[in-house]
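Working notes, beginning with the structure itself.
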Amino acid sequence: MARAATARAIRPAVRDTAHDGFLTHRNSRWLKIALGLMLFAVLVYALTDAEPRANGGSVAGYLLGTIGALLIVWLSSLGLRKRIVTRGPYSLKGWTSAHVWLGLSLIVVGTLHSGFQFGWNIHTLAWALMMVVILSGLYGIIVYARLPAQLSANRQETTQPQMLEAIRALDRQIDTAAQPLAAAETALVRLSLEKTSIGGNLWQRLSGNYAGDGNGRALAAIQAEVDGQRRAGRPDPALTQILFLLERKAAALAQARRHIGLRARLELWLYLHVPATFALLAALTAHVVSVFLYW
Amino acid sequence: MSEVFRIAIIGSGPAGLSAAAHAARLGLSHVLLEKTGHLSDTIYKYQKGKHVMATPSQLVLRAGGGLPFDAGKRETILGNWSEAAAALGVNVRHDAEVRAISGTGAPIAGSVQKIVTRKRDGSSETKELQRHAPPYRLQLADGAEILAETVILAIGTQGNPNLMACPGGDGRQVQYQLDDPQEYTDEHIFVIGGGDAGIENALGLAADAAQANIVSLVNRSAEFSTAKDANVKALLAARDAGRISILTGTTTRSIEPGWITLDTPDGEVRARCDRVIARMGSAPPRAFVEACGIEFTSNDRLAYPRLSPVFESTAPGIFVVGALAGYPLIKHCMNQGHDVVEFINGNRDLKPADEPILEAKFRGLAPAGRPDGLSVADWLEHLRGRVSILNGMSPLQMREFMLDSEVRAYRAGEIVFERNAPGSSLFGVVEGEVRVEVDPTNPAITVPLGAGTIFGEVGLISGRRRGATIRAGSDCILVEIARGAALKLMSAVPAAGREVTRITTTRSLQQIFKSGLTPDDLAAIIETAKVETIRAGQAIINEGEDGDDIFIIRSGSMVVEKSIGGKPVFLSYVPAGSYVGEMTVIDGGKRTATVRAAVKADVIRLEGARFRDLLAAKPDLLARLRADMATRTSLNSFIESKKDGFRGVVDMYTGVANFLVDQGLGEATDVLLIDEKLCVGCDNCEKACADSHDGLSRLDREAGRTYAHLHVPTSCRHCEHPHCMADCPPNAIHRGPTGEVYIDETCIGCGNCQRGCPYGVIRMDKLPPKKPWLLSWLLFGSGPGPGEPDKAWRYKHTPKGVEAPKKAIKCDMCAGQSGGPACVRACPTGAAIRVSPEQFLSVALLDRGAG
Ligand SMILES: Cc1cc2nc3c(=O)[nH]c(=O)nc-3n(C[C@H](O)[C@H](O)[C@H](O)COP(=O)(O)OP(=O)(O)OC[C@H]3O[C@@H](n4cnc5c(N)ncnc54)[C@H](O)[C@@H]3O)c2cc1C
Ligand code: HEM
Ligand code: SF4
Ligand code: SF4
Ligand code: SF4
């Protein structure tokens with residue numbers, strides 16, 4: 001049967017309807033906490049007099065080291081939180097907010113923990129990997145702040161499947177319109193139909209430079225031919241129709257490619273951030289184990 | 001024309017076929033007349049392979065002649081029926097459309113049927129028709145005539161498609177239905193009609209370029225105003241892609257083999273044409289039915305024929321069953337086909353098949369003084385006699401009504417419903433009394449409602465939350481009437497409709513103005529109160545004009561605008577259950593702002609003069625209104641103050657507000673918005689939705705409109721009066737306890753809700769197979785990972801041979817999940833929020849513009 005109708009005023013689940021981004025979530029709560037944590041780390045470092053000099057082995061060092069290690073483990077768990085959808089209240093936005101600010105505070109906590117004793121060893125490797133993760137995260141924040149508005153503006157209310165469908169539809173039209181053409185011209189048109197990859201390779205996605213792709217070459221060649229015919233008199237209408245279609249395809253391709261490129265840039269840094277996280281976790285384990293073994 | 005049949009059955013749907021099969025089994029002389037060339041046209045037209053459902057499951061099947069019926073594929077069911085009909089020797093006549101039915105006997109004294117026809121200009125015309133006694137003469141479209149003593153009308157509610165009226169419109173190349181768009185290749189096809197059906201047909205014909213059809217769509221008006229946005233967009237995209245040509249502002253002049261002639265805005269055009277598909281809507285069968293001497297319960301669009309307990313209409317000897325009688329499920333139809341033949345055959349004591357369902361509803365209940373309880377028929381009579389708005393119902397109507405209603409006993413002090421609970425059902429007090437807690441701060445202040453009265457009407461009309469807590473004042477018995485049944489009731493019994501309106505008006509005034517107003521205080525005002533329906537966009541108050549009427553918004557919503565520097569600036573959004581127009585009553589002067597309907601709305605207009613009298617008598621009320629007014633004025637001046645320094649901000653605020661109102665937010669109660677300045681396109685919202693809802697996402701993030709980076713994705717808005725609910729045969733769509741509109745598992749997959757939703761948020765789909773546990777994906781990469789599994793994976797992991805029905809799938813607002821909407825929780829950047837329009841269309845929006 002249907003869910004029993006109830007007459008009780010069940011309060012809808014409490015939800016976050018605040019319209020603010022993750023950086024300023026809840027009045028920048030996590031920024032404040034992170035600042036507090038950094039201040040605490042600096043104070044611990046400055047006020048405890050470690051002999052012979054500050055390092056991870058002192059009391060202060062242990063304290064900061066423990067905080068740092070726990071933070072790293074917790075920061076890594078964002079990947080799980082993001083993917084396991086539970087029914088209870090949580091806010092991934094709150095998690096991201098805490099992740100970003102506490103992650104940044106690790107620069108201070110982790111570095112002070114080291115007591116600036118760097119060398120070619122597993123300990124410094126762990127520190128370096130941590131910095132790689134953090135700096136890539138920082139880059140991610142910059143990307144997250146700048147690209148979404150561009151992504152939205154470029155979309156103009158079309159979805160990615162619609163963009164791809166529009167290109168396929170143009171291909172069908174180009175194919176039909178090319179029927180009356182001569183063999184040499186058809187070969188040019190085939191460049192557009194067969195030698196055009198929408199997304200292209202990674203480099204093309206990131207740079208947005210698709211110079212020399214099939215459609216571009218076909219367009220340039222047909223354009224030149226039509227221009228030539230124009231100078232001579234009336235251009236072949238079948239060819240001008242093709243030119244028009246190729247131009248439309250070029251515009252459609254440009255939009256789809258900007259879209260794909262922006263999405264790649266929004267995602268790509270995670271391919272450094274996450275593997276580096278795994279490496280960091282391994283190095284961190286080695287660092288901790290070795291410290292306790294060779295004590 | 002020698003034979004007079006005992007029974008002529010018109011229409012071979014489940015109702016008519018069951019009746020004919022039963023007549024055949026009983027050996028009664030009969031004929032089954034079917035308009036088309038096959039049996040059961042409505043089911044025949046279901047999409048291929050549709051899984052037909054046999055709901056309600058508690059209802060026993062009493063198929064005439066033992067006709068088989070079980071849930072299964074459309075093809076199987078139709079096949080079984082054809083076989084059974086042939087085996088039973090049902091006398092079917094195909095291609096036999098009945099055009100008129102008239103009695104051939106003597107005129108029946110005093111039996112005159114009044115037929116009111118409404119014209120487009122709003123005027124109406126009344127014709128009188130003298131009924132004649134049976135036998136009846138049935139005139140067929142091909143001119144043949146048939147005589148029968150009794151007639152069973154089982155023609156369903158499909159009606160007839162509107163026909164092409166131009167010369168050649170009856171030609172062979174004109175068709176009114178498109179079963180399979182893949183059937184046609186290399187043809188010049190014209191689709192006539194720019195509604196959803198026409199657009200979908202045109203798109204279907206042009207979908208595959210390999211079919212090489214040349215498709216044109218002809219629309220009479222310049223706009224596609226009746227079609228869904230998504231369809232119009234797809235159509236325009238198809239035109240831009242060169243797959244379809246569109247002719248707007250165009251009508252058909254004539255059709256001849258191979259050619260069509262059109263009147264376009266640029267003059268006459270003659271074009272090659274092999275096939276015309278006319279999709280110009282259909283006319284409901286009501287006119288035909290009325291012309292047979294059958295009266296309807298009212299002039300309302302929702303009204304059904306007036307019937308006796310044995311399905312006999314006001315024309316003696318003509319019986320009406322099936323969807324046309326108000327029972328849209330196949331099982332009901334078949335049962336009635338069986339029962340009506342039993343009745344005609346003299347078995348007048350037969351209990352209807354739904355008797356056990358009704359019995360269950362009354363089980364364990366006993367009215368005062370009758371500790372042993374009552375029979376179903378007596379119970380129905382008891383309810384009808386007790387509750388004033390039910391007085392005008394017939395026993396058959398009571399039965400149907402009761403199927404959608406519940407009777408319950410409450411102990412003194414028990415809560416019936418609480419303030420702010422969602423709910424749109426209407427309650428009637430059968431015995432005892434209830435108490436209304438009118439003051440939220442003091443539950444001791446109550447107003448009693450005695451036996452016979454109704455309550456809950458505000459939720460019924462406005463679709464918003466309950467305005468007061470109601471408790472049983474003594475031990476009592478209440479009947480709860482679902483919204484659909486209540487609307488049917490109001491249309492079937494006009495007096496009930498008027499009564500509900502009167503009570504709603506009084507109570508909504510009491511609720512809105514509080515201040516201890518009694519019905520007596522309000523009597524004078526109510527007398528002059530008028531309920532008006534306002535079109536979307538129409539203004540009820542114009543800035544700068546005189547006027548001091550006050551308006552209560554009963555349903556729909558309004559936007560308030562003020563002209564600043566020559567441009568209209570959005571001031572605020574006013575939802576149903578509030579009032580506007582108080583300023584001039586209190587302070588005099590001219591109207592200071594314009595109030596327009598955001599969506600089609602119902603308002604109650606109260607005369608200013610009467611209202612002023614009331615204010616003079618009730619200083620509390622005046623104080624209250626002044627307080628409300630102060631808040632509104634301060635908002636106005638806040639916005640006006642911004643306009644000098646922050647002109648851009650105010651413009652943006654107005655722009656965004658207007659955009660949202662255009663997107664239908666005026667009728668939404670809860671809407672998903674995405675700030676595209678924050679959205680990184682990770683689609684985690686969709687994945688979370690799928691993972692918390694059987695693996696199917698109920699939102700399409702990218703689709704939908706965007707303005708100033710504010711995006712309204714395709715996801716349910718939980719409308720005040722959900723369009724999707726309007727025409728659901730098993731009544732499977734409900735509003736849940738937290739205000740969500742959800743579909744329960746009785747959905748039969750007919751797709752009516754999908755067609756009804758103007759926002760295109762309902763999809764029809766099968767549940768995908770279960771995914772392996774997420775951790776095994778994380779660790780070993782098994783399974784498709786988070787989110788909706790792709791088609792290939794679904795196909796591969798669906799057990800073969802098991803038929804799963806496609807059902808309607810939509811957002812349920814994550815009701816029952818203590819964390820609230822999963823899509824919002826799972827957004828890493830805070831781009832996605834789910835809010836009510838009044839929450840969002842407020843100063844918060846101004847801040848957004850500024851930020
Ligand atoms: C897409 C869709 C899916 C559905 N799925 C289900 C489901 O899964 N389960 C369920 O229980 N219900 C379902 N329904 C509802 C159900 O199909 C109908 O309510 C039911 O068919 C009504 O039966 P009926 O006998 O009253 O009329 P109909 O089935 O409409 O039959 C009427 C017949 O009368 C004929 N006729 C009409 N006028 C004339 C005339 N003047 N002369 C002669 N013949 C005439 C018509 O051609 C037709 O064959 C669905 C409805 C739709 C639209
Ligand atoms: C040692 C420190 C850190 C670790 C171990 C860490 C680890 C992770 C992990 C495991 C993810 C999940 C990625 C995914 O599953 O998609 C993630 C996401 C992310 N991290 Fe970090 N991170 C660290 C520091 C930082 C810092 C300093 C920043 C920012 C300044 C940052 C910004 C982000 C962002 C923006 C995301 C993406 C959130 C999303 O889109 O879901 N991280 N991080
Ligand atoms: S499905 Fe459509 S009509 Fe129904 S409540 Fe949602 S948005 Fe409104
Ligand atoms: S509220 Fe729940 S059901 Fe609705 S779209 Fe969001 S996640 Fe899906
Ligand atoms: S989860 Fe948030 S950021 Fe990701 S796609 Fe959805 S709205 Fe955009």
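Residue numbering restarts at 1 in every chain; chains get A, B, ... in the order shown in the structure tokens, and ligands count up from 1 in that same order.
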Sorted per-residue table, chain B near ligand 5, closest atoms and distance, 8 Å, only C-alpha atoms and all ligand atoms, as a tab-separated table:
residue	atom	partner	partner_atom_place_in_ligand_line	distance
B:Ile674	CA	ligand 5	7 (S)	5.6
B:Asp675	CA	ligand 5	7 (S)	7.4
B:Glu676	CA	ligand 5	8 (Fe)	7.3
B:Leu678	CA	ligand 5	3 (S)	6.4
B:Cys679	CA	ligand 5	8 (Fe)	3.6
B:Val680	CA	ligand 5	3 (S)	4.4
B:Gly681	CA	ligand 5	5 (S)	3.8
B:Cys682	CA	ligand 5	4 (Fe)	4.0
B:Asp683	CA	ligand 5	5 (S)	3.6
B:Asn684	CA	ligand 5	1 (S)	4.2
B:Cys685	CA	ligand 5	1 (S)	4.0
B:Glu686	CA	ligand 5	6 (Fe)	6.7
B:Arg701	CA	ligand 5	6 (Fe)	6.7
B:Cys823	CA	ligand 5	1 (S)	6.8
B:Val824	CA	ligand 5	1 (S)	7.3
B:Ala826	CA	ligand 5	1 (S)	5.9
B:Cys827	CA	ligand 5	1 (S)	3.5
B:Pro828	CA	ligand 5	2 (Fe)	5.8
B:Thr829	CA	ligand 5	3 (S)	5.5
B:Gly830	CA	ligand 5	2 (Fe)	6.2
B:Ala831	CA	ligand 5	7 (S)	4.8
B:Ala832	CA	ligand 5	7 (S)	4.5
With all heavy atoms kept, could you save the residues just selected as a short mmCIF file (atom, residue, chain, number, x, y, z; two decimals), in the first residue's frame?
data_model
loop_
_atom_site.label_atom_id
_atom_site.label_comp_id
_atom_site.auth_asym_id
_atom_site.auth_seq_id
_atom_site.Cartn_x
_atom_site.Cartn_y
_atom_site.Cartn_z
N ILE B 674 20.58 25.86 -9.11
CA ILE B 674 22.02 25.68 -9.13
C ILE B 674 22.68 26.99 -9.49
O ILE B 674 22.34 27.61 -10.49
CB ILE B 674 22.42 24.56 -10.11
CG1 ILE B 674 21.95 23.22 -9.55
CG2 ILE B 674 23.93 24.55 -10.33
CD1 ILE B 674 22.33 22.03 -10.36
N ASP B 675 23.58 27.42 -8.63
CA ASP B 675 24.33 28.63 -8.90
C ASP B 675 25.51 28.26 -9.79
O ASP B 675 26.45 27.61 -9.33
CB ASP B 675 24.82 29.23 -7.58
CG ASP B 675 25.52 30.55 -7.82
OD1 ASP B 675 25.88 30.83 -8.98
OD2 ASP B 675 25.69 31.31 -6.85
N GLU B 676 25.43 28.63 -11.03
CA GLU B 676 26.47 28.18 -11.95
C GLU B 676 27.77 28.97 -11.81
O GLU B 676 28.71 28.74 -12.53
CB GLU B 676 25.95 28.18 -13.39
CG GLU B 676 24.92 27.08 -13.59
CD GLU B 676 24.71 26.64 -15.04
OE1 GLU B 676 24.98 27.44 -15.94
OE2 GLU B 676 24.28 25.49 -15.24
N LEU B 678 29.15 28.57 -9.04
CA LEU B 678 29.80 27.64 -8.13
C LEU B 678 29.88 26.23 -8.67
O LEU B 678 30.70 25.43 -8.24
CB LEU B 678 29.04 27.62 -6.79
CG LEU B 678 29.15 28.86 -5.92
CD1 LEU B 678 28.18 28.78 -4.75
CD2 LEU B 678 30.58 29.01 -5.40
N CYS B 679 28.98 25.90 -9.59
CA CYS B 679 28.89 24.50 -10.03
C CYS B 679 30.09 24.12 -10.88
O CYS B 679 30.35 24.73 -11.91
CB CYS B 679 27.60 24.30 -10.82
SG CYS B 679 27.53 22.67 -11.58
N VAL B 680 30.79 23.07 -10.46
CA VAL B 680 31.98 22.65 -11.19
C VAL B 680 31.65 21.50 -12.15
O VAL B 680 32.55 20.92 -12.74
CB VAL B 680 33.11 22.22 -10.24
CG1 VAL B 680 33.57 23.40 -9.41
CG2 VAL B 680 32.67 21.08 -9.33
N GLY B 681 30.36 21.19 -12.26
CA GLY B 681 29.96 20.18 -13.25
C GLY B 681 30.36 18.77 -12.89
O GLY B 681 30.51 17.92 -13.76
N CYS B 682 30.50 18.48 -11.59
CA CYS B 682 30.97 17.15 -11.20
C CYS B 682 29.84 16.12 -11.25
O CYS B 682 30.09 14.94 -11.18
CB CYS B 682 31.55 17.20 -9.80
SG CYS B 682 30.36 17.66 -8.53
N ASP B 683 28.59 16.61 -11.34
CA ASP B 683 27.43 15.73 -11.39
C ASP B 683 27.28 14.85 -10.16
O ASP B 683 26.61 13.83 -10.19
CB ASP B 683 27.43 14.86 -12.66
CG ASP B 683 26.92 15.65 -13.85
OD1 ASP B 683 26.15 16.60 -13.63
OD2 ASP B 683 27.30 15.33 -14.99
N ASN B 684 27.92 15.27 -9.07
CA ASN B 684 27.76 14.50 -7.84
C ASN B 684 26.31 14.56 -7.36
O ASN B 684 25.82 13.65 -6.71
CB ASN B 684 28.68 15.06 -6.76
CG ASN B 684 29.30 13.96 -5.95
OD1 ASN B 684 29.63 12.91 -6.50
ND2 ASN B 684 29.43 14.18 -4.65
N CYS B 685 25.61 15.65 -7.69
CA CYS B 685 24.20 15.77 -7.30
C CYS B 685 23.39 14.65 -7.94
O CYS B 685 22.60 13.97 -7.28
CB CYS B 685 23.65 17.14 -7.69
SG CYS B 685 24.14 17.70 -9.32
N GLU B 686 23.61 14.45 -9.26
CA GLU B 686 22.86 13.39 -9.96
C GLU B 686 23.25 12.02 -9.42
O GLU B 686 22.40 11.15 -9.25
CB GLU B 686 23.16 13.43 -11.46
CG GLU B 686 22.43 14.53 -12.18
CD GLU B 686 22.63 14.44 -13.69
OE1 GLU B 686 23.02 13.37 -14.19
OE2 GLU B 686 22.40 15.46 -14.37
N ARG B 701 20.84 17.70 -14.34
CA ARG B 701 21.46 18.95 -13.93
C ARG B 701 21.63 19.92 -15.09
O ARG B 701 21.32 21.10 -14.98
CB ARG B 701 22.82 18.69 -13.29
CG ARG B 701 23.54 19.98 -12.94
CD ARG B 701 24.95 19.72 -12.47
NE ARG B 701 25.76 19.04 -13.45
CZ ARG B 701 26.41 19.65 -14.45
NH1 ARG B 701 26.32 20.93 -14.60
NH2 ARG B 701 27.15 18.95 -15.29
N CYS B 823 20.76 15.46 -3.25
CA CYS B 823 21.46 16.23 -4.28
C CYS B 823 22.15 17.44 -3.66
O CYS B 823 23.24 17.82 -4.05
CB CYS B 823 20.46 16.68 -5.35
SG CYS B 823 18.92 17.36 -4.72
N VAL B 824 21.48 18.05 -2.68
CA VAL B 824 22.03 19.24 -2.05
C VAL B 824 23.18 18.85 -1.11
O VAL B 824 24.24 19.46 -1.11
CB VAL B 824 20.92 19.98 -1.27
CG1 VAL B 824 21.49 21.14 -0.49
CG2 VAL B 824 19.83 20.43 -2.22
N ALA B 826 25.11 16.44 -1.33
CA ALA B 826 26.28 15.87 -2.00
C ALA B 826 26.99 16.88 -2.89
O ALA B 826 27.95 16.52 -3.56
CB ALA B 826 25.84 14.67 -2.84
N CYS B 827 26.53 18.11 -2.92
CA CYS B 827 27.20 19.09 -3.77
C CYS B 827 28.42 19.63 -3.03
O CYS B 827 28.29 20.21 -1.95
CB CYS B 827 26.26 20.22 -4.13
SG CYS B 827 27.09 21.54 -5.03
N PRO B 828 29.63 19.45 -3.57
CA PRO B 828 30.83 19.83 -2.81
C PRO B 828 31.03 21.35 -2.70
O PRO B 828 31.77 21.79 -1.84
CB PRO B 828 31.98 19.20 -3.60
CG PRO B 828 31.47 19.03 -4.97
CD PRO B 828 30.00 18.81 -4.84
N THR B 829 30.39 22.11 -3.57
CA THR B 829 30.70 23.53 -3.58
C THR B 829 29.57 24.42 -3.06
O THR B 829 29.75 25.62 -2.93
CB THR B 829 31.02 24.00 -5.00
OG1 THR B 829 29.84 23.84 -5.80
CG2 THR B 829 32.16 23.22 -5.60
N GLY B 830 28.41 23.82 -2.79
CA GLY B 830 27.29 24.66 -2.34
C GLY B 830 26.53 25.28 -3.49
O GLY B 830 25.75 26.20 -3.30
N ALA B 831 26.76 24.77 -4.71
CA ALA B 831 26.05 25.33 -5.86
C ALA B 831 24.58 24.96 -5.84
O ALA B 831 23.73 25.75 -6.26
CB ALA B 831 26.69 24.83 -7.16
N ALA B 832 24.27 23.73 -5.39
CA ALA B 832 22.90 23.24 -5.46
C ALA B 832 22.16 23.54 -4.16
O ALA B 832 22.65 23.22 -3.07
CB ALA B 832 22.90 21.73 -5.71
#
Task: Who sits within 12 Å of A:Gly103, only C-alpha atoms, same chain under 5 positions skipped, as a PyMOL selection string - done: chain A and resi 30-31+33-35+37-38+67-76+78+95-98+108-110+130-138+141+277
- [ ] Would you list the contacts of B:Asp613 as an NGL selection string, taking every protein, DNA or RNA residue within 10 Å and counting only C-alpha atoms, but skipping same-chain residues closer than 5 positions in sequence?
- [x] :B and (524-525 or 608 or 618)
TODO: Output as a VMD selection string the set of chain B residues within 7 Å of chain A, with distances taken over only C-alpha atoms.
DONE: chain B and resid 241 416 to 422 676 to 680 688 691 to 692 702 to 706 709 736 to 738 744 786 817 to 820 825 to 831 833 to 835
TODO: Just the residues within 7 Å of stretch 769-781 of chain B, please, counting only C-alpha atoms, with nothing from its chain fewer than 6 positions along; format it as a list in words.
DONE: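 Within the cut-off, the hits are Arg794, His797 and Thr798 of chain B.
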Keeping only N, CA, C and O atoms, write the selected residues to a file as a compact mmCIF listing (two decimals), in the first residue's frame.
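See out.txt below for the written result:
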# COMPACT_ATOMS: atom_id res chain seq x y z
N ARG B 794 23.50 -2.00 -17.51
CA ARG B 794 22.14 -2.39 -17.10
C ARG B 794 21.67 -3.57 -17.92
O ARG B 794 21.07 -4.51 -17.40
N HIS B 797 23.38 -6.87 -16.99
CA HIS B 797 23.10 -7.45 -15.67
C HIS B 797 21.62 -7.62 -15.38
O HIS B 797 21.25 -7.93 -14.26
N THR B 798 20.77 -7.36 -16.38
CA THR B 798 19.35 -7.59 -16.16
C THR B 798 19.05 -9.05 -16.45
O THR B 798 19.41 -9.56 -17.51
- [ ] Kindly provide, as a ChimeraX atom specification, all nucleotide and amino acid residues lying within 7 Å of ligand 1, counting only C-alpha atoms and all ligand atoms.
- [x] /B:10-16,33-36,39-43,46,51-55,96-99,154-159,321-324,327-331,333,729,748-752
TODO: Could you give me the residues within stretch 595-833 of chain B that DSSP places in helix (DSSP H, G or I), as a ChimeraX atom specification?
DONE: /B:608-617,619-645,647-662,665-667,684-691,723-725,752-756,774-780,791-797,822-825
- [ ] Could you give me the residues within 6 Å of ligand 3, counting only C-alpha atoms and all ligand atoms, as number ranges by chain?
- [x] B: 716-719, 722-724, 741, 757, 759, 761-762
TODO: Would you list the residues that come within 6 Å of ligand 4? Count only C-alpha atoms and all ligand atoms and give the answer as a list in words.
DONE: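 Counting only C-alpha atoms and all ligand atoms, the residues within 6 Å of ligand 4 come out as Cys689, Arg698, Leu699, Ser715, Cys811, Asp812, Met813, Cys814, Pro821, Ala822 and Cys823 of chain B.
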- [ ] as a PyMOL selection string, please: all residues of stretch 464-526 of chain B that backbone DSSP puts in strand (DSSP E).
- [x] chain B and resi 469-472+476-481
- [ ] Within 12 Å of B:Phe551, counting only C-alpha atoms, which residues show up once you throw out same-chain ones fewer than 6 positions away? Write them as a PyMOL selection string, please.
- [x] chain B and resi 505+508-509+512+529-534+539-541+557-558+574+576-583+585+595-597+601-608+611
Task: Which of B:Ser313, B:Ser425, B:Thr453, B:Gln839 sits closest to B:Pro575 [using only C-alpha atoms] - done: B:Gln839
- [ ] Would you mind listing what lies within 7 Å of A:Gly214 as an MDAnalysis selection string, with only C-alpha atoms counted and same-chain residues fewer than 6 positions away left out?
- [x] chainID A and resid 191:192 195:196
TODO: Mind checking which residues fall within 12 Å of A:Leu181, counting only C-alpha atoms, ignoring those fewer than 4 positions away in the same chain, and posting them as a list in words?
DONE: Ile174, Asp175, Thr176, Ala177, Glu185, Thr186, Ala187, Leu188, Val189, Arg190, Ile222, Asp236, Pro237, Ala238, Leu239, Thr240, Gln241 and Ile242 of chain A
Task: One-decimal distance in Å that lies between atom CA of B:Ala197 and atom CA of B:Lys48 - done: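 Atom CA of B:Lys48 sits 16.9 Å away from atom CA of B:Ala197.
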TODO: Name the closest residue to B:Leu383 among the candidates B:Ala237, B:Ala536, B:Leu478, B:Leu449; distances are taken between atoms, counting only C-alpha atoms.
DONE: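 Using only C-alpha atoms, the shortest distance to B:Leu383 belongs to B:Leu478.
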